[in-house]
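Raw my_file.pdb, PDB, C-alpha atoms and all ligand atoms:
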ATOM      1  CA  MET K  98       0.000   0.000   0.000  1.00  0.00           C
ATOM      2  CA  ALA K  99       1.285   3.390  -0.913  1.00  0.00           C
ATOM      3  CA  LEU K 100      -0.281   6.722  -0.172  1.00  0.00           C
ATOM      4  CA  LEU K 101       0.216   9.491  -2.686  1.00  0.00           C
ATOM      5  CA  PRO K 102       0.305  13.172  -1.787  1.00  0.00           C
ATOM      6  CA  ILE K 103      -2.967  14.865  -2.757  1.00  0.00           C
ATOM      7  CA  ILE K 104      -2.531  18.008  -4.809  1.00  0.00           C
ATOM      8  CA  LEU K 105      -4.457  21.042  -3.539  1.00  0.00           C
ATOM      9  CA  THR K 106      -5.919  23.941  -5.486  1.00  0.00           C
ATOM     10  CA  PRO K 107      -4.589  26.213  -7.000  1.00  0.00           C
ATOM     11  CA  GLU K 108      -1.844  23.861  -8.286  1.00  0.00           C
ATOM     12  CA  PRO K 109      -1.886  24.098 -12.113  1.00  0.00           C
ATOM     13  CA  VAL K 110      -1.996  20.308 -12.664  1.00  0.00           C
ATOM     14  CA  LEU K 111      -5.609  20.407 -11.424  1.00  0.00           C
ATOM     15  CA  ARG K 112      -6.407  22.613 -14.426  1.00  0.00           C
ATOM     16  CA  GLU K 113      -4.722  20.414 -17.011  1.00  0.00           C
ATOM     17  CA  THR K 114      -6.408  17.912 -19.316  1.00  0.00           C
ATOM     18  CA  ALA K 115      -5.332  14.324 -18.695  1.00  0.00           C
ATOM     19  CA  LYS K 116      -4.280  12.216 -21.684  1.00  0.00           C
ATOM     20  CA  PRO K 117      -6.008   9.011 -22.788  1.00  0.00           C
ATOM     21  CA  VAL K 118      -4.313   5.809 -21.665  1.00  0.00           C
ATOM     22  CA  GLU K 119      -3.124   3.759 -24.620  1.00  0.00           C
ATOM     23  CA  THR K 120      -1.541   0.777 -22.892  1.00  0.00           C
ATOM     24  CA  ILE K 121      -2.405  -0.725 -19.538  1.00  0.00           C
ATOM     25  CA  THR K 122       0.957  -1.286 -17.898  1.00  0.00           C
ATOM     26  CA  ASP K 123       1.824  -2.700 -14.475  1.00  0.00           C
ATOM     27  CA  GLU K 124       2.839   0.812 -13.552  1.00  0.00           C
ATOM     28  CA  LEU K 125      -0.654   2.111 -14.404  1.00  0.00           C
ATOM     29  CA  LEU K 126      -2.278  -0.682 -12.373  1.00  0.00           C
ATOM     30  CA  LYS K 127      -0.016   0.234  -9.456  1.00  0.00           C
ATOM     31  CA  LEU K 128      -1.076   3.868  -9.835  1.00  0.00           C
ATOM     32  CA  LEU K 129      -4.739   2.811  -9.624  1.00  0.00           C
ATOM     33  CA  ASP K 130      -4.032   0.716  -6.496  1.00  0.00           C
ATOM     34  CA  ASP K 131      -2.191   3.616  -4.892  1.00  0.00           C
ATOM     35  CA  MET K 132      -4.981   6.021  -5.839  1.00  0.00           C
ATOM     36  CA  ALA K 133      -7.534   3.697  -4.208  1.00  0.00           C
ATOM     37  CA  ASP K 134      -5.413   3.481  -1.030  1.00  0.00           C
ATOM     38  CA  THR K 135      -5.046   7.262  -1.018  1.00  0.00           C
ATOM     39  CA  MET K 136      -8.802   7.775  -1.516  1.00  0.00           C
ATOM     40  CA  TYR K 137      -9.745   5.391   1.334  1.00  0.00           C
ATOM     41  CA  ASP K 138      -7.130   6.906   3.625  1.00  0.00           C
ATOM     42  CA  ALA K 139      -8.259  10.514   3.023  1.00  0.00           C
ATOM     43  CA  PRO K 140     -11.112   9.457   3.346  1.00  0.00           C
ATOM     44  CA  GLY K 141     -12.904  10.269   0.118  1.00  0.00           C
ATOM     45  CA  ILE K 142     -15.346   8.675  -2.322  1.00  0.00           C
ATOM     46  CA  GLY K 143     -13.471   9.463  -5.525  1.00  0.00           C
ATOM     47  CA  LEU K 144     -10.063  10.487  -6.819  1.00  0.00           C
ATOM     48  CA  ALA K 145      -8.793  11.440 -10.265  1.00  0.00           C
ATOM     49  CA  ALA K 146      -5.204  11.198 -11.538  1.00  0.00           C
ATOM     50  CA  ASN K 147      -4.700  14.987 -11.673  1.00  0.00           C
ATOM     51  CA  GLN K 148      -5.220  15.064  -7.912  1.00  0.00           C
ATOM     52  CA  VAL K 149      -2.070  13.023  -7.372  1.00  0.00           C
ATOM     53  CA  GLY K 150      -0.131  14.975  -9.973  1.00  0.00           C
ATOM     54  CA  ARG K 151      -0.583  12.505 -12.849  1.00  0.00           C
ATOM     55  CA  LEU K 152      -2.099  13.101 -16.249  1.00  0.00           C
ATOM     56  CA  GLU K 153      -3.341   9.669 -17.293  1.00  0.00           C
ATOM     57  CA  ARG K 154      -7.129   9.508 -17.749  1.00  0.00           C
ATOM     58  CA  VAL K 155      -7.905   7.285 -14.765  1.00  0.00           C
ATOM     59  CA  ILE K 156     -10.215   7.602 -11.770  1.00  0.00           C
ATOM     60  CA  VAL K 157     -11.151   5.546  -8.713  1.00  0.00           C
ATOM     61  CA  MET K 158     -14.437   5.723  -6.816  1.00  0.00           C
ATOM     62  CA  ASP K 159     -16.250   4.033  -3.970  1.00  0.00           C
ATOM     63  CA  CYS K 160     -19.659   5.472  -3.169  1.00  0.00           C
ATOM     64  CA  ALA K 161     -20.891   2.568  -1.012  1.00  0.00           C
ATOM     65  CA  LYS K 162     -22.768   3.601   2.117  1.00  0.00           C
ATOM     66  CA  GLU K 163     -20.771   3.735   5.324  1.00  0.00           C
ATOM     67  CA  GLY K 164     -20.630   0.298   6.884  1.00  0.00           C
ATOM     68  CA  ALA K 165     -21.629  -1.420   3.621  1.00  0.00           C
ATOM     69  CA  ALA K 166     -19.230  -3.617   1.645  1.00  0.00           C
ATOM     70  CA  PRO K 167     -16.728  -1.615  -0.415  1.00  0.00           C
ATOM     71  CA  GLU K 168     -17.618  -1.023  -4.056  1.00  0.00           C
ATOM     72  CA  LEU K 169     -14.375   0.044  -5.657  1.00  0.00           C
ATOM     73  CA  TRP K 170     -14.468   1.244  -9.245  1.00  0.00           C
ATOM     74  CA  LYS K 171     -11.261   1.675 -11.205  1.00  0.00           C
ATOM     75  CA  MET K 172     -11.929   3.338 -14.538  1.00  0.00           C
ATOM     76  CA  ILE K 173      -9.495   3.895 -17.387  1.00  0.00           C
ATOM     77  CA  ASN K 174     -10.449   6.480 -20.032  1.00  0.00           C
ATOM     78  CA  PRO K 175     -13.910   7.090 -18.528  1.00  0.00           C
ATOM     79  CA  GLU K 176     -16.265   8.988 -20.768  1.00  0.00           C
ATOM     80  CA  ILE K 177     -19.806  10.156 -20.024  1.00  0.00           C
ATOM     81  CA  ILE K 178     -21.779   9.003 -23.060  1.00  0.00           C
ATOM     82  CA  SER K 179     -25.291   9.993 -22.016  1.00  0.00           C
ATOM     83  CA  ARG K 180     -26.892  12.328 -19.510  1.00  0.00           C
ATOM     84  CA  SER K 181     -30.482  12.488 -18.294  1.00  0.00           C
ATOM     85  CA  ASP K 182     -32.477  15.681 -18.790  1.00  0.00           C
ATOM     86  CA  GLU K 183     -33.505  15.331 -15.175  1.00  0.00           C
ATOM     87  CA  LEU K 184     -31.141  17.181 -12.852  1.00  0.00           C
ATOM     88  CA  ALA K 185     -30.218  16.506  -9.248  1.00  0.00           C
ATOM     89  CA  VAL K 186     -28.593  18.692  -6.626  1.00  0.00           C
ATOM     90  CA  LEU K 187     -26.095  17.115  -4.268  1.00  0.00           C
ATOM     91  CA  GLU K 188     -23.646  18.590  -1.810  1.00  0.00           C
ATOM     92  CA  GLU K 189     -20.127  18.060  -3.133  1.00  0.00           C
ATOM     93  CA  GLY K 190     -16.680  18.427  -1.689  1.00  0.00           C
ATOM     94  CA  CYS K 191     -13.234  17.682  -3.074  1.00  0.00           C
ATOM     95  CA  LEU K 192     -10.011  16.324  -1.593  1.00  0.00           C
ATOM     96  CA  SER K 193      -8.170  19.058  -3.500  1.00  0.00           C
ATOM     97  CA  ILE K 194     -10.220  21.780  -1.743  1.00  0.00           C
ATOM     98  CA  PRO K 195     -10.463  20.237   1.733  1.00  0.00           C
ATOM     99  CA  ASP K 196     -13.312  21.109   4.097  1.00  0.00           C
ATOM    100  CA  GLN K 197     -15.273  23.165   1.551  1.00  0.00           C
ATOM    101  CA  THR K 198     -18.613  22.031   0.156  1.00  0.00           C
ATOM    102  CA  ALA K 199     -21.325  23.400  -2.107  1.00  0.00           C
ATOM    103  CA  ASP K 200     -24.573  22.237  -3.668  1.00  0.00           C
ATOM    104  CA  VAL K 201     -23.933  21.287  -7.285  1.00  0.00           C
ATOM    105  CA  GLU K 202     -26.600  20.626  -9.921  1.00  0.00           C
ATOM    106  CA  ARG K 203     -25.826  17.946 -12.496  1.00  0.00           C
ATOM    107  CA  PRO K 204     -27.706  15.417 -14.639  1.00  0.00           C
ATOM    108  CA  ALA K 205     -29.295  12.888 -12.270  1.00  0.00           C
ATOM    109  CA  ILE K 206     -28.444   9.791 -14.326  1.00  0.00           C
ATOM    110  CA  VAL K 207     -25.461   9.295 -16.600  1.00  0.00           C
ATOM    111  CA  GLU K 208     -24.002   6.445 -18.576  1.00  0.00           C
ATOM    112  CA  VAL K 209     -20.236   6.074 -18.488  1.00  0.00           C
ATOM    113  CA  LYS K 210     -18.080   4.085 -20.880  1.00  0.00           C
ATOM    114  CA  TYR K 211     -14.663   3.051 -19.601  1.00  0.00           C
ATOM    115  CA  THR K 212     -11.957   0.433 -19.868  1.00  0.00           C
ATOM    116  CA  ASP K 213     -11.544  -1.849 -16.863  1.00  0.00           C
ATOM    117  CA  ILE K 214      -8.209  -3.015 -15.466  1.00  0.00           C
ATOM    118  CA  ALA K 215      -8.415  -6.177 -17.606  1.00  0.00           C
ATOM    119  CA  GLY K 216      -8.579  -3.981 -20.718  1.00  0.00           C
ATOM    120  CA  LYS K 217     -12.263  -4.673 -21.416  1.00  0.00           C
ATOM    121  CA  GLU K 218     -14.628  -1.912 -22.446  1.00  0.00           C
ATOM    122  CA  GLN K 219     -17.472  -1.505 -19.976  1.00  0.00           C
ATOM    123  CA  ARG K 220     -20.588   0.621 -19.658  1.00  0.00           C
ATOM    124  CA  LEU K 221     -22.203   1.588 -16.401  1.00  0.00           C
ATOM    125  CA  THR K 222     -25.382   3.512 -15.669  1.00  0.00           C
ATOM    126  CA  CYS K 223     -24.901   5.667 -12.604  1.00  0.00           C
ATOM    127  CA  GLU K 224     -27.480   7.432 -10.477  1.00  0.00           C
ATOM    128  CA  GLY K 225     -27.608   9.107  -7.094  1.00  0.00           C
ATOM    129  CA  LEU K 226     -24.270   9.740  -5.434  1.00  0.00           C
ATOM    130  CA  LEU K 227     -22.365   7.603  -7.952  1.00  0.00           C
ATOM    131  CA  ALA K 228     -23.706   9.751 -10.838  1.00  0.00           C
ATOM    132  CA  ALA K 229     -22.511  12.947  -9.168  1.00  0.00           C
ATOM    133  CA  CYS K 230     -19.190  11.351  -8.260  1.00  0.00           C
ATOM    134  CA  VAL K 231     -18.381  10.019 -11.730  1.00  0.00           C
ATOM    135  CA  GLN K 232     -19.180  13.416 -13.282  1.00  0.00           C
ATOM    136  CA  HIS K 233     -17.036  15.156 -10.661  1.00  0.00           C
ATOM    137  CA  GLU K 234     -14.096  12.793 -11.331  1.00  0.00           C
ATOM    138  CA  VAL K 235     -14.325  12.941 -15.128  1.00  0.00           C
ATOM    139  CA  ASP K 236     -14.420  16.733 -14.755  1.00  0.00           C
ATOM    140  CA  HIS K 237     -11.078  16.534 -12.921  1.00  0.00           C
ATOM    141  CA  LEU K 238      -9.557  14.788 -15.952  1.00  0.00           C
ATOM    142  CA  ASP K 239     -10.616  17.802 -18.008  1.00  0.00           C
ATOM    143  CA  GLY K 240      -9.205  20.293 -15.517  1.00  0.00           C
ATOM    144  CA  VAL K 241     -12.631  21.209 -14.124  1.00  0.00           C
ATOM    145  CA  LEU K 242     -13.406  21.530 -10.409  1.00  0.00           C
ATOM    146  CA  PHE K 243     -16.814  21.346  -8.697  1.00  0.00           C
ATOM    147  CA  ILE K 244     -16.593  25.032  -7.835  1.00  0.00           C
ATOM    148  CA  ASP K 245     -16.736  25.781 -11.576  1.00  0.00           C
ATOM    149  CA  HIS K 246     -20.378  24.638 -11.494  1.00  0.00           C
ATOM    150  CA  ILE K 247     -21.532  27.160  -8.894  1.00  0.00           C
ATOM    151  CA  SER K 248     -22.031  30.911  -8.983  1.00  0.00           C
ATOM    152  CA  ARG K 249     -18.990  33.128  -9.128  1.00  0.00           C
ATOM    153  CA  LEU K 250     -19.941  34.663  -5.814  1.00  0.00           C
ATOM    154  CA  LYS K 251     -20.049  31.293  -4.043  1.00  0.00           C
ATOM    155  CA  ARG K 252     -16.872  30.174  -5.801  1.00  0.00           C
ATOM    156  CA  ASP K 253     -14.941  33.248  -4.689  1.00  0.00           C
ATOM    157  CA  MET K 254     -16.240  32.772  -1.156  1.00  0.00           C
ATOM    158  CA  ILE K 255     -15.094  29.140  -1.036  1.00  0.00           C
ATOM    159  CA  ILE K 256     -11.655  29.967  -2.441  1.00  0.00           C
ATOM    160  CA  ARG K 257     -11.175  32.845  -0.016  1.00  0.00           C
ATOM    161  CA  ARG K 258     -12.217  30.708   2.944  1.00  0.00           C
ATOM    162  CA  PHE K 259     -10.009  27.832   1.788  1.00  0.00           C
ATOM    163  CA  MET K 260      -6.935  30.044   1.315  1.00  0.00           C
ATOM    164  CA  LYS K 261      -7.496  31.619   4.724  1.00  0.00           C
ATOM    165  CA  GLU K 262      -7.758  28.215   6.401  1.00  0.00           C
ATOM    166  CA  MET K 263      -4.603  27.038   4.603  1.00  0.00           C
ATOM    167  CA  ARG K 264      -2.692  30.092   5.825  1.00  0.00           C
ATOM    168  CA  GLN K 265      -3.913  29.578   9.367  1.00  0.00           C
ATOM    169  CA  SER K 266      -3.060  25.886   9.392  1.00  0.00           C
ATOM    170  CA  SER K 267       0.504  26.606   8.303  1.00  0.00           C
ATOM    171  CA  VAL K 268       1.055  29.049  11.175  1.00  0.00           C
ATOM    172  CA  GLY K 269       3.530  27.517  13.571  1.00  0.00           C
ATOM    173  CA  ALA K 270       4.455  24.740  11.158  1.00  0.00           C
ATOM    174  CA  PRO K 271       8.156  24.259  10.512  1.00  0.00           C
ATOM    175  CA  LYS K 272       9.374  26.503   7.719  1.00  0.00           C
ATOM    176  CA  GLY K 273       9.891  24.601   4.485  1.00  0.00           C
ATOM    177  CA  GLN K 274      12.795  25.106   2.151  1.00  0.00           C
TER     178      GLN K 274
HETATM  179 NI    NI K 301     -12.593  16.344  -6.492  1.00  0.00          NI
END
Produce structure tokens that represent the structure in this file.
Amino acid sequence: MALLPIILTPEPVLRETAKPVETITDELLKLLDDMADTMYDAPGIGLAANQVGRLERVIVMDCAKEGAAPELWKMINPEIISRSDELAVLEEGCLSIPDQTADVERPAIVEVKYTDIAGKEQRLTCEGLLAACVQHEVDHLDGVLFIDHISRLKRDMIIRRFMKEMRQSSVGAPKGQ
């Protein structure tokens, strides 16, 4: 098990577009394992490659209810191929903007196409929390954050509060190089 450092906003890698994976290597599978470990440790329900400073199009998710059996998804080259007209609002947060949340409106049901770790193409219909999560994670691969889906006023407020909390939490910490 290896934990990867989680990249926080406003690091530029969070705004980059990840590149499609062409070959599934052992190194990529290790990255997915490490991303899953990092997500569970955080704890979080989803993590995209950009958030650990990598630009392969891969995400991990586990939206199982607390106490229920884990439901780990590892998706390579995930792509949302259909979206319901019906919308749903869910409160979202992000490991790259810790402790900040906002209500985000997105399509309630989406279908995602992806390659699994065995190299097989899969399709999955997602609803509820999993639908919001998969859209949030695929957004990350395109350099989009959940705060991009809310009003500018709320976005500025979240960023200001986050930066202030970051400054406060570094007070008294040893000075880095
Ligand atoms: Ni996120």
| request: Determine the residue set returned by the PyMOL selection byres (((not hetatm)) within 8 of (chain K and resi 301)) for the present structure, and present it as a PyMOL selection string. | output: chain K and resi 143-145+148+190-194+233-234+237+242-243
| query | Which of these, K:Thr198, K:Glu176, K:Ile103, K:Cys230, has the shortest distance to Lys251 of chain K once you count only C-alpha atoms? | reply | K:Thr198
Contacts of Ser181 of chain K at 9 Å (all atoms listed in the file; same-chain gap of 6+ positions) as an mmCIF file with C-alpha atoms, keeping the file's coordinate frame:
data_model
loop_
_atom_site.group_PDB
_atom_site.id
_atom_site.type_symbol
_atom_site.label_atom_id
_atom_site.label_comp_id
_atom_site.auth_asym_id
_atom_site.auth_seq_id
_atom_site.Cartn_x
_atom_site.Cartn_y
_atom_site.Cartn_z
ATOM 1 C CA PRO K 204 -27.706 15.417 -14.639
ATOM 2 C CA ALA K 205 -29.295 12.888 -12.270
ATOM 3 C CA ILE K 206 -28.444 9.791 -14.326
ATOM 4 C CA VAL K 207 -25.461 9.295 -16.600
ATOM 5 C CA GLU K 208 -24.002 6.445 -18.576
#
| message | Selection in question (the file shown): the PyMOL selection byres (((chain K and resi 113) around 12) and not hetatm). Which residues does it include, as a PyMOL selection string? | response | chain K and resi 107-112+114-116+145-148+150-154+236-242
| task | Compile the contact shell of segment 120-127 of chain K as number ranges by chain: residues with an atom at most 12 Å away, counting all atoms listed in the file, same-chain residues fewer than 5 positions apart removed. | result | K: 98-101, 132-134, 146, 151-157, 171-174, 212-217
| request: Would you write out, as a ChimeraX atom specification, every residue that the PyMOL selection byres (((chain K and resi 160) around 9) and not hetatm) captures in this file? | output: /K:141-143,158-159,161-163,167-169,226-227,230
Create the file for the chosen residues now, containing C-alpha atoms and written as a compact mmCIF listing (two decimals), in the frame of the given file.
# COMPACT_ATOMS: atom_id res chain seq x y z
CA GLY K 141 -12.90 10.27 0.12
CA ILE K 142 -15.35 8.68 -2.32
CA GLY K 143 -13.47 9.46 -5.52
CA MET K 158 -14.44 5.72 -6.82
CA ASP K 159 -16.25 4.03 -3.97
CA ALA K 161 -20.89 2.57 -1.01
CA LYS K 162 -22.77 3.60 2.12
CA GLU K 163 -20.77 3.74 5.32
CA PRO K 167 -16.73 -1.62 -0.42
CA GLU K 168 -17.62 -1.02 -4.06
CA LEU K 169 -14.38 0.04 -5.66
CA LEU K 226 -24.27 9.74 -5.43
CA LEU K 227 -22.36 7.60 -7.95
CA CYS K 230 -19.19 11.35 -8.26
| Hey, can you check how far atom CA of Glu183 of chain K sits from atom CA of Asp200 of chain K? |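 These two atoms are separated by 16.1 Å.
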| Just how far from atom CA of Ser267 of chain K is atom CA of Ala139 of chain K, in Å to one decimal? | 19.1 Å
| Between atom CA of Glu262 of chain K and atom CA of Glu189 of chain K, what is the spacing in Å? |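 Here the two named atoms are 18.6 Å from each other.
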| query | With distances taken over all atoms listed in the file, which of K:Glu119, K:Asp182, K:Asp245, K:Asp253 is nearest to Val201 of chain K? | reply |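 Residue with the minimum atom-to-atom distance to Val201 of chain K: K:Asp245.
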| said: Restricting the calculation to all atoms listed in the file: of K:Ser179, K:Val149, K:Phe259, K:Gln219, which residue gets closest to Asp131 of chain K? | reply: K:Val149
| request: Go through K:Arg203, K:Arg180, K:Arg264, K:Arg258 and flag the residue nearest Ala229 of chain K, using only C-alpha atoms for the distances. | output: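 Of the candidates, the smallest distance to Ala229 of chain K is held by K:Arg203.
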